[in-house]
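First up is the structure itself, then whatever we jot down about it.
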Amino acid sequence: MEQIQCFFYHLFVASGISETAAKYLNMLCLFIILTVIIFITDSLSRRLLRIGFIKLAKKSKTNFDNLLISHRAPRNIAHLVPLILTIQLFPIVFYDFPQFEKYIIIILKVYGIILAVWIIRSILKTFESYFKTLPRLKDKPIDSYIQVVMLFVWIIAIASCLAVVINLSFLKFFTTLGAASAILLLIFKDTILGFVASIQVAINDIVRIGDWITMDKYGADGDVIEINLSTVQIQNFDMTITNIPTYALISDSFKNWRGMQASGGRRIKRSIILKAKSIHYLTPEKIEKLKSIQLISEYLNTRQRDIDNFNSQHNIDKSFLINGRNLTNLGVFRKYLQSYIENHSAINKEMFIMVRQLAPTPQGLPLEIYCFSSDKRWENYEYIMSDIFDHALAAVPYFDLEVYELNAAIPELD
């Protein structure tokens with residue numbers, strides 16, 4: 001390179017150009033040559049490293065090598081070769097202009113720091129993608145930890161660049177920076193809160209990727225698709241995306257449906273409101289008619305026999321139905337629904353099953369069905385619940401009961 005430098009300089013001087021102009025032209029020619037060499041070196045090193053990594057990935061049993069290539073780790077590492085070459089050759093290019101050397105060194109150092117950050121970033125991204133393929137880490141907030149590491153890497157990198165630019169030692173720069181720590185804490189308040197929250201979320205296993213959560217405060221109702229340092233992304237069931245702060249999972253209340261999904265069934269808890277005036281005692285004729293309903297025929301026979309024995313033993317006057325013990329249409333209907341739920345193929349029989357009365361309301365008497373469907377998928381769950389209540393509502397008239405409906409007065413048109 002030194003011979004080339006002398007060759008161009010003497011060539012320009014011999015052609016009658018002044019020494020000062022010859023030096024500038026000489027520097028320009030050498031710079032062009034250096035640029036070409038760097039470009040060729042960079043292209044060759046990238047290609048060679050890529051080929052080497054591809055061959056290694058084919059022989060390796062793990063997909064970590066493939067992820068390194070997809071995140072451009074070999075490409076970023078290859079840039080080190082032309083950087084080292086530039087550091088070795090640039091003093092020759094600017095031999096006649098030592099005043100430029102200071103600024104060139106600063107630029108190369110800053111570029112080296114940024115390149116180191118990109119190499120670290122590509123490697124961390126590779127680890128992030130690799131960890132997400134592991135079953136035991138698939139639902140963990142890996143993104144949060146990678147972002148925390150990258151945050152510290154960028155802080156150190158930016159501080160290093162500033163220290164290089166102002167020509168201050170790295171240790172002294174951070175000592176000076178410590179005085180401004182309060183301001184930095186204020187600037188990175190949300191990041192620090194998110195970092196602490198993500199650790200608590202992971203340690204306490206509060207939320208996993210794939211969990212269905214409901215958070216009314218933020219209008220979120222759907223599956224968690226990403227947990228990172230600052231936000232949690234939730235894909236709602238209408239396919240919209242809701243972003244909530246990570247620390248909100250610690251400070252605010254939300255519902256996680258993971259327990260339901262891990263259990264044996266999904267709860268059905270819904271009521272039918274019956275008109276109170278439709279509730280009455282059953283006459284013997286009505287009881288005989290209801291015995292045609294197969295689900296409760298045995299119950300009615302046994303129950304009516306017990307009631308008749310009790311009334312006869314106590315000499316109850318049955319000229320009025322209110323005397324003694326009697327069956328009511330509501331009680332028989334409740335027993336019918338209980339039997340129907342217990343025999344329903346889509347209901348988990350090992351979990352709680354109950355049909356109960358709730359406290360009366362101004363609209364009527366709520367009769368609640370409480371059970372668990374075996375199928376927890378939303379669409380199938382809604383179908384099962386609708387099927388049960390279709391049947392229950394259609395069965396109401398058979399027991400001489402009425403469902404409450406609000407009949408709003410329709411204004412007459414002039």
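Scheme for the structure tokens: letters A, B, ... for chains in order shown; per-chain residue numbers from 1; ligand numbers from 1 in order shown.
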
Apply DSSP to the structure's backbone, then extract all residues of stretch 266-352 of chain A labelled strand (DSSP E) and return them as a ChimeraX atom specification. /A:266-274

Who sits within 8 Å of stretch 241-250 of chain A, only C-alpha atoms, same chain under 3 positions skipped, as a count of residues only: 22

Pick the closest to A:Leu67 from A:Lys102, A:Lys109, A:Lys125, A:His79: which is it, counting only C-alpha atoms?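 Closest residue, counting only C-alpha atoms: A:Lys125.
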
Counting only C-alpha atoms, the residue of A:Ile209, A:Ile69, A:Asp221, A:Tyr145 that sits nearest A:Thr191: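 When distances to A:Thr191 are compared using only C-alpha atoms, the smallest one comes from A:Tyr145.
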
Between atom CA of A:Phe399 and atom CA of A:Ser271 - distance in Å to one decimal: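 Result for atom CA of A:Ser271 versus atom CA of A:Phe399: 17.1 Å, one decimal.
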
Can you list, as a PyMOL selection string, every protein, DNA or RNA residue that comes within 12 Å of A:Ser297 when you count only C-alpha atoms, leaving out same-chain residues fewer than 3 positions away? chain A and resi 287-294+300-304+332+335-336+339

Report, in Å to a single decimal, how far apart atom CA of A:Arg334 and atom CA of A:Phe389 are. 13.2 Å

Surrounding residues of A:Ile107 excluding itself and chain neighbours under 3 positions, 12 Å, only C-alpha atoms, as a PDB file with C-alpha atoms, in the first residue's frame:
ATOM      1  CA  LEU A  83     -13.622  -2.907   9.945  1.00  0.00           C
ATOM      2  CA  THR A  86      -9.949  -0.302   7.617  1.00  0.00           C
ATOM      3  CA  ILE A  87      -8.343   0.310  11.008  1.00  0.00           C
ATOM      4  CA  PHE A  90      -6.581   4.142   6.960  1.00  0.00           C
ATOM      5  CA  PHE A 100      -8.047  13.912   9.792  1.00  0.00           C
ATOM      6  CA  GLU A 101      -6.830  10.898  11.730  1.00  0.00           C
ATOM      7  CA  LYS A 102      -8.487  11.971  14.977  1.00  0.00           C
ATOM      8  CA  TYR A 103     -11.946  12.218  13.404  1.00  0.00           C
ATOM      9  CA  ILE A 104     -11.526   8.990  11.434  1.00  0.00           C
ATOM     10  CA  VAL A 110     -18.483   4.592  16.971  1.00  0.00           C
ATOM     11  CA  TYR A 111     -19.136   2.268  14.019  1.00  0.00           C
ATOM     12  CA  GLY A 112     -17.433  -0.585  15.900  1.00  0.00           C
ATOM     13  CA  ILE A 113     -19.664  -0.003  18.940  1.00  0.00           C
ATOM     14  CA  ILE A 114     -22.824   0.042  16.817  1.00  0.00           C
ATOM     15  CA  CYS A 161     -20.274   6.505  21.839  1.00  0.00           C
ATOM     16  CA  LEU A 162     -20.635   9.728  23.830  1.00  0.00           C
ATOM     17  CA  VAL A 164     -15.590   8.386  22.493  1.00  0.00           C
ATOM     18  CA  VAL A 165     -16.933  11.586  20.917  1.00  0.00           C
TER      19      VAL A 165
END

Top pick for closest residue to A:Ser373, considering A:Phe352, A:Phe333, A:Tyr130, A:Trp212 and counting only C-alpha atoms: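 With only C-alpha atoms as the atom set, the closest residue is A:Phe352.
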
Any chance you could list, as a PyMOL selection string, the residues in stretch 142-333 of chain A that come up alpha helix (DSSP H) when DSSP is run on the backbone? chain A and resi 142-165+170-178+181-187+189-204+248-251+258-262+284-290+294-313+329-333

List as a list of chain:residue names the protein and nucleic acid residues near A:Asn76, meaning an atom at most 7 Å away when only C-alpha atoms are counted, but skip any in the same chain fewer than 3 places from it. A:Arg72, A:Ala73, A:His79, A:Trp118, A:Ile119

Selected residue of minimal separation from A:Gln313 among A:Asn66, A:Asp223, A:Ala392, A:Arg325, counting only C-alpha atoms: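 Looking at the shortest contact to A:Gln313, the residue is A:Arg325.
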
At a cut-off of 8 Å, using only C-alpha atoms, what residues contact A:Met351? Leave out same-chain residues fewer than 2 positions from it and give the result as a list in words.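 With the cut-off at 8 Å, the set is Gly264, Gly265, Asn348, Lys349, Ile353, Cys371 and Phe372 of chain A.
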
Write the selection just made, keeping N, CA and C atoms, as an mmCIF file, in the first residue's frame?
data_model
loop_
_atom_site.group_PDB
_atom_site.id
_atom_site.type_symbol
_atom_site.label_atom_id
_atom_site.label_comp_id
_atom_site.auth_asym_id
_atom_site.auth_seq_id
_atom_site.Cartn_x
_atom_site.Cartn_y
_atom_site.Cartn_z
ATOM 1 N N GLY A 264 -62.193 -29.649 34.004
ATOM 2 C CA GLY A 264 -62.939 -30.633 33.227
ATOM 3 C C GLY A 264 -64.140 -30.087 32.501
ATOM 4 N N GLY A 265 -64.454 -28.805 32.697
ATOM 5 C CA GLY A 265 -65.632 -28.263 32.029
ATOM 6 C C GLY A 265 -65.704 -26.758 32.139
ATOM 7 N N ASN A 348 -70.667 -32.423 31.912
ATOM 8 C CA ASN A 348 -69.722 -33.212 32.703
ATOM 9 C C ASN A 348 -70.412 -33.674 33.982
ATOM 10 N N LYS A 349 -70.635 -34.965 34.101
ATOM 11 C CA LYS A 349 -71.376 -35.504 35.246
ATOM 12 C C LYS A 349 -70.539 -35.532 36.516
ATOM 13 N N ILE A 353 -73.740 -30.141 39.432
ATOM 14 C CA ILE A 353 -74.967 -29.955 38.660
ATOM 15 C C ILE A 353 -76.076 -29.552 39.628
ATOM 16 N N CYS A 371 -74.294 -25.763 35.874
ATOM 17 C CA CYS A 371 -73.620 -27.017 35.509
ATOM 18 C C CYS A 371 -72.381 -26.681 34.687
ATOM 19 N N PHE A 372 -71.698 -27.699 34.182
ATOM 20 C CA PHE A 372 -70.466 -27.501 33.423
ATOM 21 C C PHE A 372 -70.514 -28.330 32.141
#

Give me the residues within 12 Å of stretch 61-63 of chain A as number ranges by chain, counting only C-alpha atoms and dropping any in the same chain fewer than 4 places off. A: 53-54, 56-57, 67-70, 126-127, 129-134
